[in-house]
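Trainee: My questions will all concern the structure given below.
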Amino acid sequence: MKTRKLLNELLPDLLLMLISAACLLPFLILLSSSLSSNASVIRKGYSLLPVDIDLEAYRYLFGYASGILHALTVSLFVTAAGTAVSLAVTAMAAYPLSRKGLPFRRFFTVYILITMLFNGGMVPTYLIYTQLFHIRNSILALIVPNLLFNGFQMMIMRTFFAASIPEELTEAARMDGAGEIRIFLSVVLGLAKPVFVTVGLMQAVAYWNDWFNSLLYIDRTELMSLQAVLNQMISNVKFLSSLSGSGMGQAAMQAQASLPGTTIRMAIASVGVLPFMLVYPFCQKYLVKGITIGAVKG
């Protein structure tokens, strides 16, 4: 019996450890490849440990340090501002829909759910943002297209409000003379930290990883996000690596041969993912709680 009890206690922990290790493997391979020499990666493939340690990829990457730092500043501002406003919009839509007394509550919920299945299409969206809102080549082009909440995040927040904010609490605040705005700001938001962290992290990841809006709406280099600059660097490396040597000088051919074409991609991916790998452990407690409560049907 003791052996069976011990196995029942150890097996789940062992299984979770194996799953965690499997989740970490891609990041380890990514970091290891970025620290290996380009020739060794091409010759031997990817490995868990660096082979022929070489920092050429990072030297090439940070040779554009000023441009990368400026793009990093743009991405940090866009991520912070966009996430904050998106959370406000999502919360102001989700809270009324979580209250059973809202007129046409079912209609609005279905209307929002439809947006999870269909959208207006790329061309109409582009025309609206450029011809109607005139956000092309402005910082708003990196914020506004992702600003509107999506249905999935709204439903998580709505379900959290319905499951975690009892009607008795809001009724008590209403009897004390608080209006709906005061109840929302003073009572609801104070209890909604887990779901705010959950939805905020999702939205922040979307803003941080976005490069497509820069491609569509931005022509000015000083307004490009970090991901757009890194993607442009990958394209430049690919182009230089594909050039034929027939019309190139000796110096150009040597420079082409020294390009870390494979490891530079790994270094760029490492730089792009590092901020959220550092932030995630501090948000994990609230993230798990927010998803767990948000998954309960309300």
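FYI, nothing fancy with the structure tokens labels: chains A, B, ... in order, residues from 1 per chain, ligands from 1 as they appear.
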Sort by chain and increasing residue number a table of all residues of segment 68-158 of chain A within 12 Å of segment 175-188 of chain A, each with its closest pair of atoms and their distance in Å to one decimal, counting only C-alpha atoms, and write it as a tab-separated table.

Mentor:
```
residue	atom	partner	partner_atom	distance
A:Ala88	CA	A:Leu185	CA	10.9
A:Ala91	CA	A:Phe184	CA	9.4
A:Met92	CA	A:Phe184	CA	8.6
A:Ala93	CA	A:Phe184	CA	11.5
A:Ala94	CA	A:Phe184	CA	11.2
A:Tyr95	CA	A:Phe184	CA	8.0
A:Pro96	CA	A:Phe184	CA	9.6
A:Ser98	CA	A:Val188	CA	11.5
A:Arg99	CA	A:Glu180	CA	11.5
A:Met157	CA	A:Val188	CA	11.5
A:Arg158	CA	A:Val188	CA	11.7
```

Trainee: Output as CSV one row per residue of segment 47-156 of chain A within 10 Å of segment 260-271 of chain A: the closest atom pair and its distance in Å to one decimal place, counting only C-alpha atoms, sorted by chain and residue number ascending.

Mentor:
```
residue,atom,partner,partner_atom,distance
A:Asp54,CA,A:Thr263,CA,9.5
A:Leu55,CA,A:Thr263,CA,9.3
A:Glu56,CA,A:Pro260,CA,6.9
A:Ala57,CA,A:Ile264,CA,4.7
A:Tyr58,CA,A:Ala267,CA,6.3
A:Arg59,CA,A:Ile264,CA,9.5
A:Tyr60,CA,A:Ile264,CA,7.7
A:Leu61,CA,A:Ile264,CA,7.2
```

Trainee: Skipping near chain neighbours, those fewer than 4 positions away, what residues fall within 9 Å of segment 105-114 of chain A using only C-alpha atoms, listed as number ranges by chain?

Mentor: A: 96-101, 118-119, 150-152, 154-155

Trainee: For the residues selected in the previous step, produce a file with N, CA and C atoms as a PDB file, in the first residue's frame.

Mentor:
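To be explicit, this is the file written out as part01.pdb:
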```pdb
ATOM      1  N   PRO A  96     -20.553  44.791 -18.097  1.00  0.00           N
ATOM      2  CA  PRO A  96     -22.011  44.849 -18.295  1.00  0.00           C
ATOM      3  C   PRO A  96     -22.586  43.532 -18.811  1.00  0.00           C
ATOM      4  N   LEU A  97     -21.858  42.841 -19.690  1.00  0.00           N
ATOM      5  CA  LEU A  97     -22.358  41.573 -20.221  1.00  0.00           C
ATOM      6  C   LEU A  97     -22.381  40.463 -19.171  1.00  0.00           C
ATOM      7  N   SER A  98     -21.648  40.644 -18.075  1.00  0.00           N
ATOM      8  CA  SER A  98     -21.666  39.642 -17.009  1.00  0.00           C
ATOM      9  C   SER A  98     -22.849  39.833 -16.062  1.00  0.00           C
ATOM     10  N   ARG A  99     -23.522  40.988 -16.137  1.00  0.00           N
ATOM     11  CA  ARG A  99     -24.657  41.258 -15.256  1.00  0.00           C
ATOM     12  C   ARG A  99     -25.950  40.777 -15.918  1.00  0.00           C
ATOM     13  N   LYS A 100     -26.733  40.001 -15.183  1.00  0.00           N
ATOM     14  CA  LYS A 100     -27.925  39.367 -15.760  1.00  0.00           C
ATOM     15  C   LYS A 100     -29.025  40.371 -16.091  1.00  0.00           C
ATOM     16  N   GLY A 101     -28.993  41.545 -15.490  1.00  0.00           N
ATOM     17  CA  GLY A 101     -30.055  42.508 -15.743  1.00  0.00           C
ATOM     18  C   GLY A 101     -29.859  43.375 -16.969  1.00  0.00           C
ATOM     19  N   PHE A 118     -15.607  35.605 -37.997  1.00  0.00           N
ATOM     20  CA  PHE A 118     -15.540  36.378 -39.241  1.00  0.00           C
ATOM     21  C   PHE A 118     -14.912  37.750 -38.970  1.00  0.00           C
ATOM     22  N   ASN A 119     -14.255  38.289 -40.005  1.00  0.00           N
ATOM     23  CA  ASN A 119     -13.760  39.669 -39.931  1.00  0.00           C
ATOM     24  C   ASN A 119     -14.000  40.357 -41.269  1.00  0.00           C
ATOM     25  N   ASN A 150     -10.663  41.198 -28.676  1.00  0.00           N
ATOM     26  CA  ASN A 150     -11.206  40.075 -29.424  1.00  0.00           C
ATOM     27  C   ASN A 150     -12.204  39.314 -28.555  1.00  0.00           C
ATOM     28  N   GLY A 151     -13.033  38.540 -29.211  1.00  0.00           N
ATOM     29  CA  GLY A 151     -14.124  37.869 -28.515  1.00  0.00           C
ATOM     30  C   GLY A 151     -13.660  36.908 -27.447  1.00  0.00           C
ATOM     31  N   PHE A 152     -12.565  36.207 -27.716  1.00  0.00           N
ATOM     32  CA  PHE A 152     -12.082  35.211 -26.760  1.00  0.00           C
ATOM     33  C   PHE A 152     -11.673  35.866 -25.449  1.00  0.00           C
ATOM     34  N   MET A 154     -12.631  38.768 -24.322  1.00  0.00           N
ATOM     35  CA  MET A 154     -13.806  39.351 -23.692  1.00  0.00           C
ATOM     36  C   MET A 154     -14.612  38.287 -22.953  1.00  0.00           C
ATOM     37  N   MET A 155     -14.722  37.083 -23.533  1.00  0.00           N
ATOM     38  CA  MET A 155     -15.478  36.020 -22.885  1.00  0.00           C
ATOM     39  C   MET A 155     -14.777  35.528 -21.624  1.00  0.00           C
TER      40      MET A 155
END
```

Trainee: Quote the spacing between atom CA of Leu223 of chain A and atom CA of Ile128 of chain A in Å to one decimal place.

Mentor: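 Computing the Euclidean distance for atom CA of Leu223 of chain A and atom CA of Ile128 of chain A yields 20.5 Å.
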
Trainee: Within 12 Å of segment 65-74 of chain A, which residues of segment 88-140 of chain A come that close, and what is the closest atom pair and distance in Å for each? Count only C-alpha atoms and give it as JSON lines.

Mentor:
```
{"residue": "A:Ser138", "atom": "CA", "partner": "A:Val74", "partner_atom": "CA", "distance": 11.4}
{"residue": "A:Ile139", "atom": "CA", "partner": "A:Val74", "partner_atom": "CA", "distance": 8.4}
{"residue": "A:Leu140", "atom": "CA", "partner": "A:Val74", "partner_atom": "CA", "distance": 11.4}
```

Trainee: Using only C-alpha atoms, please write the residues we just selected to a file, as an mmCIF file, in the first residue's frame.

Mentor:
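File written: out_13.cif
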```cif
data_model
loop_
_atom_site.group_PDB
_atom_site.id
_atom_site.type_symbol
_atom_site.label_atom_id
_atom_site.label_comp_id
_atom_site.auth_asym_id
_atom_site.auth_seq_id
_atom_site.Cartn_x
_atom_site.Cartn_y
_atom_site.Cartn_z
ATOM 1 C CA SER A 138 2.004 57.323 -37.256
ATOM 2 C CA ILE A 139 2.455 55.562 -33.937
ATOM 3 C CA LEU A 140 -1.303 54.975 -33.880
#
```

Trainee: Compare A:Thr90, A:Ile135, A:Thr115, A:Leu18 by their minimum atom-to-atom distance to Phe161 of chain A, counting only C-alpha atoms, and give me the closest one.

Mentor: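 Nearest to Phe161 of chain A: A:Thr90.
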
Trainee: Per residue of segment 29-103 of chain A within 9 Å of segment 189-202 of chain A, note the shortest atom pair and the distance in Å to one decimal, counting only C-alpha atoms, and order the rows by chain and increasing residue number, as JSON lines.

Mentor:
```
{"residue": "A:Thr83", "atom": "CA", "partner": "A:Gly200", "partner_atom": "CA", "distance": 6.1}
{"residue": "A:Ala84", "atom": "CA", "partner": "A:Gly200", "partner_atom": "CA", "distance": 7.7}
{"residue": "A:Ser86", "atom": "CA", "partner": "A:Gly200", "partner_atom": "CA", "distance": 8.1}
{"residue": "A:Leu87", "atom": "CA", "partner": "A:Gly200", "partner_atom": "CA", "distance": 6.4}
{"residue": "A:Ala91", "atom": "CA", "partner": "A:Phe196", "partner_atom": "CA", "distance": 8.5}
```

Trainee: Name the residues in contact with Ser37 of chain A at a cut-off of 7 Å, using only C-alpha atoms, excluding same-chain residues fewer than 4 positions from it; report them as a ChimeraX atom specification.

Mentor: /A:41,51-54

Trainee: Dump C-alpha atoms for the selected residues as an mmCIF file, in the first residue's frame?

Mentor:
```
data_model
loop_
_atom_site.group_PDB
_atom_site.id
_atom_site.type_symbol
_atom_site.label_atom_id
_atom_site.label_comp_id
_atom_site.auth_asym_id
_atom_site.auth_seq_id
_atom_site.Cartn_x
_atom_site.Cartn_y
_atom_site.Cartn_z
ATOM 1 C CA VAL A 41 25.038 24.382 -37.123
ATOM 2 C CA VAL A 51 29.061 23.609 -30.553
ATOM 3 C CA ASP A 52 32.141 25.698 -31.369
ATOM 4 C CA ILE A 53 30.905 28.661 -29.336
ATOM 5 C CA ASP A 54 30.826 31.770 -31.501
#
```

Trainee: Report as a VMD selection string: the residues of segment 37-186 of chain A with a DSSP assignment of alpha helix (DSSP H), based on the backbone of this structure.

Mentor: chain A and resid 38 to 44 56 to 61 65 to 98 105 to 114 122 to 127 151 to 164 167 to 175 180 to 183

Trainee: Go ahead and save the picked residues with C-alpha atoms, as a PDB file, in the first residue's frame.

Mentor:
```
ATOM      1  CA  ASN A  38      27.243  29.084 -38.206  1.00  0.00           C
ATOM      2  CA  ALA A  39      29.377  26.381 -39.854  1.00  0.00           C
ATOM      3  CA  SER A  40      28.808  23.890 -37.024  1.00  0.00           C
ATOM      4  CA  VAL A  41      25.038  24.382 -37.123  1.00  0.00           C
ATOM      5  CA  ILE A  42      24.989  23.813 -40.879  1.00  0.00           C
ATOM      6  CA  ARG A  43      27.290  20.804 -40.604  1.00  0.00           C
ATOM      7  CA  LYS A  44      25.948  19.096 -37.449  1.00  0.00           C
ATOM      8  CA  GLU A  56      29.331  36.320 -34.380  1.00  0.00           C
ATOM      9  CA  ALA A  57      25.538  36.300 -34.688  1.00  0.00           C
ATOM     10  CA  TYR A  58      25.176  38.616 -31.691  1.00  0.00           C
ATOM     11  CA  ARG A  59      28.036  40.829 -32.897  1.00  0.00           C
ATOM     12  CA  TYR A  60      26.262  41.166 -36.242  1.00  0.00           C
ATOM     13  CA  LEU A  61      22.946  41.791 -34.493  1.00  0.00           C
ATOM     14  CA  ALA A  65      22.517  48.558 -31.711  1.00  0.00           C
ATOM     15  CA  SER A  66      21.221  52.107 -32.152  1.00  0.00           C
ATOM     16  CA  GLY A  67      18.465  51.024 -34.537  1.00  0.00           C
ATOM     17  CA  ILE A  68      17.535  48.058 -32.355  1.00  0.00           C
ATOM     18  CA  LEU A  69      17.392  50.164 -29.191  1.00  0.00           C
ATOM     19  CA  HIS A  70      15.164  52.737 -30.878  1.00  0.00           C
ATOM     20  CA  ALA A  71      12.885  49.979 -32.201  1.00  0.00           C
ATOM     21  CA  LEU A  72      12.845  48.452 -28.702  1.00  0.00           C
ATOM     22  CA  THR A  73      11.664  51.793 -27.300  1.00  0.00           C
ATOM     23  CA  VAL A  74       8.881  51.928 -29.888  1.00  0.00           C
ATOM     24  CA  SER A  75       7.784  48.364 -29.110  1.00  0.00           C
ATOM     25  CA  LEU A  76       7.800  48.967 -25.345  1.00  0.00           C
ATOM     26  CA  PHE A  77       5.657  52.083 -25.707  1.00  0.00           C
ATOM     27  CA  VAL A  78       3.228  50.421 -28.131  1.00  0.00           C
ATOM     28  CA  THR A  79       2.941  47.311 -25.937  1.00  0.00           C
ATOM     29  CA  ALA A  80       2.362  49.290 -22.732  1.00  0.00           C
ATOM     30  CA  ALA A  81      -0.078  51.824 -24.202  1.00  0.00           C
ATOM     31  CA  GLY A  82      -1.961  49.321 -26.366  1.00  0.00           C
ATOM     32  CA  THR A  83      -2.309  46.760 -23.578  1.00  0.00           C
ATOM     33  CA  ALA A  84      -3.554  49.349 -21.070  1.00  0.00           C
ATOM     34  CA  VAL A  85      -6.197  50.771 -23.414  1.00  0.00           C
ATOM     35  CA  SER A  86      -7.221  47.308 -24.650  1.00  0.00           C
ATOM     36  CA  LEU A  87      -7.753  46.136 -21.064  1.00  0.00           C
ATOM     37  CA  ALA A  88      -9.910  49.176 -20.365  1.00  0.00           C
ATOM     38  CA  VAL A  89     -12.039  48.604 -23.479  1.00  0.00           C
ATOM     39  CA  THR A  90     -12.386  44.875 -22.819  1.00  0.00           C
ATOM     40  CA  ALA A  91     -13.296  45.347 -19.151  1.00  0.00           C
ATOM     41  CA  MET A  92     -15.899  48.017 -19.917  1.00  0.00           C
ATOM     42  CA  ALA A  93     -17.541  45.647 -22.399  1.00  0.00           C
ATOM     43  CA  ALA A  94     -17.196  42.461 -20.341  1.00  0.00           C
ATOM     44  CA  TYR A  95     -18.564  43.742 -17.036  1.00  0.00           C
ATOM     45  CA  PRO A  96     -22.011  44.849 -18.295  1.00  0.00           C
ATOM     46  CA  LEU A  97     -22.358  41.573 -20.221  1.00  0.00           C
ATOM     47  CA  SER A  98     -21.666  39.642 -17.009  1.00  0.00           C
ATOM     48  CA  ARG A 105     -27.486  40.798 -23.080  1.00  0.00           C
ATOM     49  CA  ARG A 106     -27.757  37.644 -25.208  1.00  0.00           C
ATOM     50  CA  PHE A 107     -27.830  39.631 -28.465  1.00  0.00           C
ATOM     51  CA  PHE A 108     -24.644  41.556 -27.624  1.00  0.00           C
ATOM     52  CA  THR A 109     -22.892  38.377 -26.511  1.00  0.00           C
ATOM     53  CA  VAL A 110     -23.716  36.581 -29.771  1.00  0.00           C
ATOM     54  CA  TYR A 111     -22.707  39.669 -31.751  1.00  0.00           C
ATOM     55  CA  ILE A 112     -19.274  39.635 -30.131  1.00  0.00           C
ATOM     56  CA  LEU A 113     -18.910  35.871 -30.548  1.00  0.00           C
ATOM     57  CA  ILE A 114     -19.496  36.257 -34.300  1.00  0.00           C
ATOM     58  CA  MET A 122      -7.564  42.832 -45.104  1.00  0.00           C
ATOM     59  CA  VAL A 123      -8.411  45.252 -47.930  1.00  0.00           C
ATOM     60  CA  PRO A 124     -11.457  46.893 -46.271  1.00  0.00           C
ATOM     61  CA  THR A 125      -9.544  47.111 -42.987  1.00  0.00           C
ATOM     62  CA  TYR A 126      -6.574  48.757 -44.690  1.00  0.00           C
ATOM     63  CA  LEU A 127      -8.796  51.260 -46.507  1.00  0.00           C
ATOM     64  CA  GLY A 151     -14.124  37.869 -28.515  1.00  0.00           C
ATOM     65  CA  PHE A 152     -12.082  35.211 -26.760  1.00  0.00           C
ATOM     66  CA  GLN A 153     -10.493  37.629 -24.301  1.00  0.00           C
ATOM     67  CA  MET A 154     -13.806  39.351 -23.692  1.00  0.00           C
ATOM     68  CA  MET A 155     -15.478  36.020 -22.885  1.00  0.00           C
ATOM     69  CA  ILE A 156     -12.710  35.116 -20.427  1.00  0.00           C
ATOM     70  CA  MET A 157     -13.165  38.437 -18.632  1.00  0.00           C
ATOM     71  CA  ARG A 158     -16.965  38.256 -18.773  1.00  0.00           C
ATOM     72  CA  THR A 159     -16.988  34.752 -17.272  1.00  0.00           C
ATOM     73  CA  PHE A 160     -14.559  35.830 -14.552  1.00  0.00           C
ATOM     74  CA  PHE A 161     -16.804  38.743 -13.585  1.00  0.00           C
ATOM     75  CA  ALA A 162     -19.894  36.510 -13.568  1.00  0.00           C
ATOM     76  CA  ALA A 163     -18.223  33.791 -11.459  1.00  0.00           C
ATOM     77  CA  SER A 164     -16.171  35.939  -9.072  1.00  0.00           C
ATOM     78  CA  GLU A 167     -24.497  40.207  -7.189  1.00  0.00           C
ATOM     79  CA  GLU A 168     -24.797  40.674  -3.418  1.00  0.00           C
ATOM     80  CA  LEU A 169     -21.530  42.649  -3.371  1.00  0.00           C
ATOM     81  CA  THR A 170     -22.596  45.067  -6.075  1.00  0.00           C
ATOM     82  CA  GLU A 171     -26.060  45.385  -4.522  1.00  0.00           C
ATOM     83  CA  ALA A 172     -24.502  46.294  -1.179  1.00  0.00           C
ATOM     84  CA  ALA A 173     -22.385  48.965  -2.850  1.00  0.00           C
ATOM     85  CA  ARG A 174     -25.455  50.263  -4.684  1.00  0.00           C
ATOM     86  CA  MET A 175     -27.404  50.508  -1.390  1.00  0.00           C
ATOM     87  CA  GLU A 180     -22.383  51.930 -11.610  1.00  0.00           C
ATOM     88  CA  ILE A 181     -19.119  53.678 -12.504  1.00  0.00           C
ATOM     89  CA  ARG A 182     -18.084  53.844  -8.827  1.00  0.00           C
ATOM     90  CA  ILE A 183     -18.936  50.158  -8.360  1.00  0.00           C
TER      91      ILE A 183
END
```

Trainee: Do you have the atom CA of Met233 of chain A-atom CA of Phe27 of chain A distance handy?

Mentor: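 Separation of atom CA of Met233 of chain A and atom CA of Phe27 of chain A: 21.0 Å.
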
Trainee: Which of these, A:Tyr46, A:Phe239, A:Phe62, A:Trp208, has the shortest distance to Pro26 of chain A once you count only C-alpha atoms?

Mentor: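 Closest to Pro26 of chain A, using only C-alpha atoms: A:Tyr46.
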